[in-house]
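Everything below belongs to target-v1.cif, which stores mmCIF, C-alpha atoms and all ligand atoms.
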data_query
loop_
_atom_site.group_PDB
_atom_site.id
_atom_site.type_symbol
_atom_site.label_atom_id
_atom_site.label_comp_id
_atom_site.auth_asym_id
_atom_site.auth_seq_id
_atom_site.Cartn_x
_atom_site.Cartn_y
_atom_site.Cartn_z
ATOM 1 C CA MET A 97 -5.572 -5.102 19.601
ATOM 2 C CA GLU A 98 -3.457 -2.012 20.224
ATOM 3 C CA LEU A 99 -2.535 -1.887 16.550
ATOM 4 C CA VAL A 100 -6.165 -2.317 15.451
ATOM 5 C CA ASP A 101 -7.240 0.475 17.808
ATOM 6 C CA ALA A 102 -4.482 2.726 16.504
ATOM 7 C CA TRP A 103 -5.551 2.254 12.897
ATOM 8 C CA GLU A 104 -9.221 2.667 13.791
ATOM 9 C CA ARG A 105 -8.321 6.010 15.387
ATOM 10 C CA TYR A 106 -6.497 6.934 12.201
ATOM 11 C CA ALA A 107 -9.497 5.841 10.100
ATOM 12 C CA ARG A 108 -11.856 8.103 12.047
ATOM 13 C CA GLU A 109 -9.791 11.150 11.015
ATOM 14 C CA ARG A 110 -9.904 10.404 7.306
ATOM 15 C CA THR A 111 -12.247 12.009 4.804
ATOM 16 C CA PRO A 112 -13.639 9.804 2.036
ATOM 17 C CA ARG A 113 -12.013 10.005 -1.385
ATOM 18 C CA ARG A 114 -13.744 12.354 -3.846
ATOM 19 C CA LYS A 115 -16.331 10.888 -6.233
ATOM 20 C CA THR A 116 -14.325 12.060 -9.286
ATOM 21 C CA ASN A 117 -10.753 13.229 -9.844
ATOM 22 C CA ALA A 118 -9.536 16.263 -11.839
ATOM 23 C CA ARG A 119 -9.963 14.323 -15.111
ATOM 24 C CA GLY A 120 -13.505 13.350 -14.188
ATOM 25 C CA ALA A 121 -12.637 9.681 -13.625
ATOM 26 C CA THR A 122 -14.621 7.816 -10.966
ATOM 27 C CA THR A 123 -11.775 5.395 -10.140
ATOM 28 C CA TRP A 124 -8.016 5.961 -10.145
ATOM 29 C CA LEU A 125 -4.795 4.829 -8.480
ATOM 30 C CA ASN A 126 -2.863 7.356 -6.415
ATOM 31 C CA TRP A 127 0.673 6.403 -5.293
ATOM 32 C CA THR A 128 1.380 9.733 -3.578
ATOM 33 C CA GLN A 129 -0.044 11.809 -0.713
ATOM 34 C CA TYR A 130 -1.308 14.434 -3.171
ATOM 35 C CA PRO A 131 -4.468 14.277 -5.321
ATOM 36 C CA ASP A 132 -4.085 14.161 -9.114
ATOM 37 C CA HIS A 133 -0.348 13.625 -8.839
ATOM 38 C CA GLY A 134 2.238 10.948 -9.642
ATOM 39 C CA PRO A 135 2.297 7.895 -11.918
ATOM 40 C CA ASP A 136 -0.709 5.699 -12.604
ATOM 41 C CA GLU A 137 -1.348 1.957 -12.456
ATOM 42 C CA SER A 138 1.082 1.290 -15.348
ATOM 43 C CA VAL A 139 3.750 0.903 -12.620
ATOM 44 C CA LEU A 140 2.201 -2.549 -12.068
ATOM 45 C CA GLY A 141 2.411 -3.693 -15.705
ATOM 46 C CA PRO A 142 -0.476 -5.464 -17.461
ATOM 47 C CA LEU A 143 -3.542 -5.916 -15.249
ATOM 48 C CA ARG A 144 -6.303 -7.645 -17.200
ATOM 49 C CA GLY A 145 -6.662 -11.207 -15.935
ATOM 50 C CA ARG A 146 -3.885 -10.724 -13.361
ATOM 51 C CA THR A 147 -4.186 -11.380 -9.617
ATOM 52 C CA VAL A 148 -3.457 -8.382 -7.394
ATOM 53 C CA LEU A 149 -3.031 -8.101 -3.615
ATOM 54 C CA GLU A 150 -3.100 -4.769 -1.797
ATOM 55 C CA LEU A 151 -1.552 -4.672 1.675
ATOM 56 C CA GLY A 152 -3.365 -2.026 3.739
ATOM 57 C CA SER A 153 -6.180 -1.465 1.264
ATOM 58 C CA GLY A 154 -8.008 1.175 3.335
ATOM 59 C CA THR A 155 -11.386 2.014 1.804
ATOM 60 C CA GLY A 156 -10.483 0.134 -1.366
ATOM 61 C CA CYS A 157 -10.379 3.072 -3.787
ATOM 62 C CA ASN A 158 -7.059 2.137 -5.405
ATOM 63 C CA LEU A 159 -7.932 -1.525 -5.702
ATOM 64 C CA ALA A 160 -11.374 -0.726 -7.129
ATOM 65 C CA HIS A 161 -9.627 1.022 -9.996
ATOM 66 C CA LEU A 162 -7.548 -2.081 -10.751
ATOM 67 C CA ALA A 163 -10.700 -4.231 -10.648
ATOM 68 C CA THR A 164 -12.323 -1.987 -13.268
ATOM 69 C CA LEU A 165 -9.269 -2.679 -15.466
ATOM 70 C CA GLY A 166 -9.904 -6.426 -15.307
ATOM 71 C CA ALA A 167 -7.630 -7.515 -12.450
ATOM 72 C CA ASP A 168 -8.761 -10.049 -9.854
ATOM 73 C CA CYS A 169 -8.124 -8.128 -6.633
ATOM 74 C CA VAL A 170 -7.750 -8.922 -2.938
ATOM 75 C CA GLY A 171 -7.404 -6.201 -0.317
ATOM 76 C CA VAL A 172 -6.295 -6.776 3.276
ATOM 77 C CA ASP A 173 -6.588 -4.204 6.046
ATOM 78 C CA ILE A 174 -6.258 -4.544 9.795
ATOM 79 C CA ALA A 175 -9.060 -2.076 10.615
ATOM 80 C CA PRO A 176 -12.550 -3.640 10.381
ATOM 81 C CA SER A 177 -14.172 -0.271 9.608
ATOM 82 C CA ARG A 178 -11.961 0.068 6.506
ATOM 83 C CA ARG A 179 -13.342 -3.162 5.071
ATOM 84 C CA GLU A 180 -16.923 -2.095 5.843
ATOM 85 C CA LYS A 181 -16.394 1.172 3.981
ATOM 86 C CA ALA A 182 -14.649 -0.585 1.085
ATOM 87 C CA VAL A 183 -17.482 -3.087 0.687
ATOM 88 C CA ALA A 184 -20.147 -0.367 0.954
ATOM 89 C CA ARG A 185 -18.527 1.724 -1.781
ATOM 90 C CA TRP A 186 -17.060 -0.909 -4.097
ATOM 91 C CA GLY A 187 -18.814 -4.180 -3.250
ATOM 92 C CA HIS A 188 -20.800 -4.022 -6.491
ATOM 93 C CA LEU A 189 -17.653 -4.466 -8.612
ATOM 94 C CA PRO A 190 -16.682 -7.959 -9.798
ATOM 95 C CA GLY A 191 -13.210 -9.290 -9.011
ATOM 96 C CA LEU A 192 -12.812 -7.489 -5.711
ATOM 97 C CA THR A 193 -12.519 -9.127 -2.268
ATOM 98 C CA PHE A 194 -11.672 -7.413 1.021
ATOM 99 C CA HIS A 195 -10.409 -9.128 4.183
ATOM 100 C CA THR A 196 -9.895 -7.820 7.706
ATOM 101 C CA ALA A 197 -6.534 -9.136 8.920
ATOM 102 C CA ASP A 198 -3.035 -8.166 9.895
ATOM 103 C CA THR A 199 -1.117 -8.525 6.635
ATOM 104 C CA THR A 200 1.618 -10.612 8.265
ATOM 105 C CA ASP A 201 -0.993 -13.153 9.397
ATOM 106 C CA TYR A 202 -2.659 -13.078 5.997
ATOM 107 C CA LEU A 203 0.606 -13.691 4.130
ATOM 108 C CA VAL A 204 1.559 -16.550 6.446
ATOM 109 C CA ARG A 205 -1.836 -18.253 6.084
ATOM 110 C CA THR A 206 -2.697 -17.805 2.415
ATOM 111 C CA ASP A 207 -1.463 -20.181 -0.253
ATOM 112 C CA ALA A 208 -2.515 -17.849 -3.090
ATOM 113 C CA LEU A 209 0.042 -16.473 -5.546
ATOM 114 C CA PHE A 210 -0.273 -12.923 -6.909
ATOM 115 C CA ASP A 211 1.008 -11.298 -10.090
ATOM 116 C CA ALA A 212 1.204 -7.939 -8.354
ATOM 117 C CA VAL A 213 1.393 -6.848 -4.727
ATOM 118 C CA LEU A 214 1.034 -3.185 -3.849
ATOM 119 C CA SER A 215 1.068 -1.129 -0.681
ATOM 120 C CA ILE A 216 0.471 2.619 -0.669
ATOM 121 C CA PHE A 217 1.565 4.245 2.600
ATOM 122 C CA GLY A 218 0.638 0.813 3.970
ATOM 123 C CA PRO A 219 2.069 -2.096 5.968
ATOM 124 C CA VAL A 220 5.329 -2.354 3.991
ATOM 125 C CA TRP A 221 6.189 0.940 5.718
ATOM 126 C CA PHE A 222 4.814 -0.192 9.073
ATOM 127 C CA THR A 223 6.202 -3.731 9.409
ATOM 128 C CA GLU A 224 9.748 -4.813 10.155
ATOM 129 C CA PRO A 225 11.076 -5.304 6.597
ATOM 130 C CA GLU A 226 13.549 -8.150 7.213
ATOM 131 C CA GLN A 227 10.608 -10.246 8.377
ATOM 132 C CA PHE A 228 7.922 -8.887 6.032
ATOM 133 C CA LEU A 229 9.612 -8.779 2.606
ATOM 134 C CA PRO A 230 10.360 -12.544 2.447
ATOM 135 C CA LEU A 231 6.677 -13.246 3.261
ATOM 136 C CA ILE A 232 5.597 -11.068 0.326
ATOM 137 C CA ARG A 233 8.206 -12.675 -1.937
ATOM 138 C CA LYS A 234 6.755 -16.146 -1.209
ATOM 139 C CA ARG A 235 3.319 -15.040 -2.401
ATOM 140 C CA LEU A 236 4.507 -13.458 -5.661
ATOM 141 C CA ALA A 237 4.055 -15.501 -8.831
ATOM 142 C CA PRO A 238 7.135 -15.878 -11.084
ATOM 143 C CA GLY A 239 7.694 -12.537 -12.836
ATOM 144 C CA GLY A 240 5.359 -10.816 -10.356
ATOM 145 C CA VAL A 241 5.877 -7.251 -9.194
ATOM 146 C CA LEU A 242 5.906 -5.643 -5.743
ATOM 147 C CA ALA A 243 5.306 -1.884 -5.720
ATOM 148 C CA PHE A 244 4.967 0.340 -2.687
ATOM 149 C CA SER A 245 5.119 4.004 -1.793
ATOM 150 C CA HIS A 246 5.677 6.132 1.281
ATOM 151 C CA LYS A 247 7.307 9.392 2.277
ATOM 152 C CA PRO A 248 11.100 9.497 1.957
ATOM 153 C CA PRO A 249 13.097 9.029 5.193
ATOM 154 C CA GLN A 250 13.066 12.140 7.348
ATOM 155 C CA GLY A 251 16.210 11.298 9.347
ATOM 156 C CA GLY A 252 16.476 10.306 12.979
ATOM 157 C CA ALA A 253 16.678 6.963 14.714
ATOM 158 C CA GLN A 254 15.016 3.893 13.202
ATOM 159 C CA PRO A 255 12.382 2.640 13.667
ATOM 160 C CA VAL A 256 10.212 5.598 14.653
ATOM 161 C CA THR A 257 6.791 5.940 16.205
ATOM 162 C CA THR A 258 4.547 7.665 13.734
ATOM 163 C CA LEU A 259 1.189 9.144 12.823
ATOM 164 C CA ARG A 260 -0.359 11.479 15.337
ATOM 165 C CA GLU A 261 -3.772 9.829 15.071
ATOM 166 C CA ALA A 262 -2.562 6.247 14.970
ATOM 167 C CA ARG A 263 -0.015 6.525 17.847
ATOM 168 C CA ALA A 264 1.646 3.218 18.844
ATOM 169 C CA VAL A 265 2.409 2.553 15.170
ATOM 170 C CA THR A 266 6.018 2.017 14.203
ATOM 171 C CA ARG A 267 7.347 3.114 10.857
ATOM 172 C CA TRP A 268 10.450 1.728 9.158
ATOM 173 C CA ASP A 269 11.960 4.554 7.116
ATOM 174 C CA ARG A 270 14.491 3.419 4.512
ATOM 175 C CA THR A 271 16.489 5.253 1.903
ATOM 176 C CA PRO A 272 16.240 4.110 -1.746
ATOM 177 C CA GLU A 273 19.635 2.375 -1.374
ATOM 178 C CA GLU A 274 18.547 0.589 1.813
ATOM 179 C CA TRP A 275 15.336 -0.626 0.176
ATOM 180 C CA ALA A 276 17.267 -1.935 -2.832
ATOM 181 C CA ALA A 277 19.621 -3.911 -0.564
ATOM 182 C CA LEU A 278 16.780 -5.254 1.604
ATOM 183 C CA LEU A 279 14.776 -6.358 -1.413
ATOM 184 C CA ALA A 280 17.790 -8.085 -2.985
ATOM 185 C CA SER A 281 18.499 -9.992 0.232
ATOM 186 C CA SER A 282 14.822 -11.002 0.424
ATOM 187 C CA GLY A 283 14.893 -12.694 -2.993
ATOM 188 C CA PHE A 284 13.655 -9.861 -5.236
ATOM 189 C CA SER A 285 15.383 -8.709 -8.405
ATOM 190 C CA GLN A 286 15.535 -5.407 -10.341
ATOM 191 C CA ALA A 287 14.718 -3.344 -7.251
ATOM 192 C CA LYS A 288 14.293 0.322 -8.098
ATOM 193 C CA ALA A 289 13.378 3.246 -5.847
ATOM 194 C CA ASP A 290 12.290 6.519 -7.435
ATOM 195 C CA ILE A 291 11.722 9.841 -5.745
ATOM 196 C CA ILE A 292 8.559 11.472 -7.096
ATOM 197 C CA PRO A 293 8.912 15.236 -6.618
ATOM 198 C CA PRO A 294 5.993 16.963 -4.861
ATOM 199 C CA PRO A 295 3.584 19.171 -6.797
ATOM 200 C CA GLU A 296 4.291 22.893 -6.904
ATOM 201 C CA GLY A 297 3.837 24.565 -3.528
ATOM 202 C CA HIS A 298 4.561 21.383 -1.533
ATOM 203 C CA HIS A 299 7.809 20.193 0.015
ATOM 204 C CA THR A 300 7.556 16.485 0.737
ATOM 205 C CA ALA A 301 8.353 14.052 -2.064
ATOM 206 C CA THR A 302 7.192 10.426 -2.346
ATOM 207 C CA LEU A 303 9.348 7.314 -2.561
ATOM 208 C CA LEU A 304 8.043 4.704 -5.012
ATOM 209 C CA VAL A 305 9.763 1.325 -4.900
ATOM 210 C CA THR A 306 9.357 -1.561 -7.348
ATOM 211 C CA ALA A 307 10.941 -5.011 -7.394
ATOM 212 C CA TYR A 308 10.247 -8.331 -9.136
ATOM 213 C CA ALA A 309 10.189 -12.049 -8.548
ATOM 214 C CA GLU A 310 12.384 -13.846 -11.086
ATOM 215 C CA ALA A 311 10.287 -15.140 -14.009
HETATM 216 C C1 LIG A 401 -2.036 5.415 5.627
HETATM 217 S S1 LIG A 401 -3.332 4.270 5.346
HETATM 218 C C2 LIG A 401 -3.298 4.040 3.558
HETATM 219 C C3 LIG A 401 -4.533 3.377 3.036
HETATM 220 C C4 LIG A 401 -4.568 3.139 1.518
HETATM 221 N N1 LIG A 401 -3.448 2.329 1.088
HETATM 222 C C5 LIG A 401 -4.614 4.447 0.760
HETATM 223 O O1 LIG A 401 -3.659 4.766 0.055
HETATM 224 O O2 LIG A 401 -5.607 5.151 0.879
HETATM 225 C C6 LIG A 401 -2.597 2.745 5.899
HETATM 226 C C7 LIG A 401 -3.577 1.593 5.905
HETATM 227 O O3 LIG A 401 -2.857 0.395 6.233
HETATM 228 C C8 LIG A 401 -3.599 -0.341 7.184
HETATM 229 N N2 LIG A 401 -2.619 -1.139 7.961
HETATM 230 C C9 LIG A 401 -1.584 -0.664 8.691
HETATM 231 N N3 LIG A 401 -0.901 -1.677 9.239
HETATM 232 C C10 LIG A 401 -1.501 -2.818 8.840
HETATM 233 C C11 LIG A 401 -1.247 -4.192 9.050
HETATM 234 N N4 LIG A 401 -0.222 -4.605 9.807
HETATM 235 N N5 LIG A 401 -2.064 -5.098 8.465
HETATM 236 C C12 LIG A 401 -3.108 -4.682 7.690
HETATM 237 N N6 LIG A 401 -3.394 -3.401 7.448
HETATM 238 C C13 LIG A 401 -2.602 -2.469 8.014
HETATM 239 C C14 LIG A 401 -4.327 0.716 8.002
HETATM 240 O O4 LIG A 401 -5.480 0.234 8.664
HETATM 241 C C15 LIG A 401 -4.671 1.743 6.928
HETATM 242 O O5 LIG A 401 -5.921 1.504 6.331
#
Show this structure as structure tokens.
Amino acid sequence: MELVDAWERYARERTPRRKTNARGATTWLNWTQYPDHGPDESVLGPLRGRTVLELGSGTGCNLAHLATLGADCVGVDIAPSRREKAVARWGHLPGLTFHTADTTDYLVRTDALFDAVLSIFGPVWFTEPEQFLPLIRKRLAPGGVLAFSHKPPQGGAQPVTTLREARAVTRWDRTPEEWAALLASSGFSQAKADIIPPPEGHHTATLLVTAYAEA
């Protein structure tokens, strides 16, 4: 319950995503902490007809974009209010399902396989990776991709308590090299961690990590 409360506190501080982005699109995928910045959904490979799972789907804006591109999408978030908001805004779209659950519980219970799993500043950053990555790997279809983003490590002891609003949440910061090693030992191949530089006038970059299940 403490974790749910923490993420509900965080949710109350958030402002809804804009109706349109700088290009005038009504849906889009944003891997970074900055609007109109960073790579798009092509990081995930082909999407039409593919099954996609988002861990920590928030208000569903990223997943809604993938649904409009023909993917069959499932979003899981621990905060009940996030699901309510996601359903209210995106419930009209086909191929989009949202669950309220801790992602560890969801991954343990589901027997579904996914072609792509993504997590944007989500539970991959907030769950002990040695335990979490093998659970994700089990739910990836052969050739499937895992992609996740978060801020690069800011130094200091690991793990660290994070997020002013969320309090009580633990974050596992890893360097690109540490992620590559962790992913390899969890059964992933071709792990790659890229630093996306911040837009002009900002200082904090974004780490974007991808890895695959053997085909
Ligand atoms: C920083 S927000 C990012 C939300 C969304 N991915 C986005 O980019 O807008 C992190 C989200 O992960 C969810 N979350 C954190 N830990 C979780 C867990 N263990 N299980 C499920 N959801 C979790 C939070 O409720 C929150 O909605």
At most 6 Å from ligand LIG 401 (chain A) (only C-alpha atoms and all ligand atoms): residue list as JSON, numbers by chain: {"A": [103, 152, 153, 154, 172, 173, 174, 175, 197, 198, 199, 215, 216, 217, 218, 219, 222]}
A:Leu236, A:Gly191, A:Thr122, A:Thr306 ranked by distance to Leu140 in chain A, top pick (using only C-alpha atoms): A:Thr306
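Straight-line separation from CA of Val213 in chain A to CA of Arg113 in chain A: 21.8 Å.
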Here's the selection I'm unsure about, the PyMOL selection byres (((chain A and resi 187) around 12) and not hetatm); applied to the file above, which residues does it give, as a compact mmCIF listing (two decimals) with C-alpha atoms, in the frame of the given file?
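Written file, part_6.txt:
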# COMPACT_ATOMS: atom_id res chain seq x y z
CA THR A 155 -11.39 2.01 1.80
CA GLY A 156 -10.48 0.13 -1.37
CA CYS A 157 -10.38 3.07 -3.79
CA LEU A 159 -7.93 -1.52 -5.70
CA ALA A 160 -11.37 -0.73 -7.13
CA ALA A 163 -10.70 -4.23 -10.65
CA CYS A 169 -8.12 -8.13 -6.63
CA GLY A 171 -7.40 -6.20 -0.32
CA ARG A 179 -13.34 -3.16 5.07
CA GLU A 180 -16.92 -2.10 5.84
CA LYS A 181 -16.39 1.17 3.98
CA ALA A 182 -14.65 -0.58 1.08
CA VAL A 183 -17.48 -3.09 0.69
CA ALA A 184 -20.15 -0.37 0.95
CA ARG A 185 -18.53 1.72 -1.78
CA TRP A 186 -17.06 -0.91 -4.10
CA HIS A 188 -20.80 -4.02 -6.49
CA LEU A 189 -17.65 -4.47 -8.61
CA PRO A 190 -16.68 -7.96 -9.80
CA GLY A 191 -13.21 -9.29 -9.01
CA LEU A 192 -12.81 -7.49 -5.71
CA THR A 193 -12.52 -9.13 -2.27
CA PHE A 194 -11.67 -7.41 1.02
Contacts of Glu226 in chain A at 9 Å (all atoms listed in the file; same-chain gap of 2+ positions) as a VMD selection string: chain A and resid 223 to 224 228 to 230 278 to 279 281 to 282
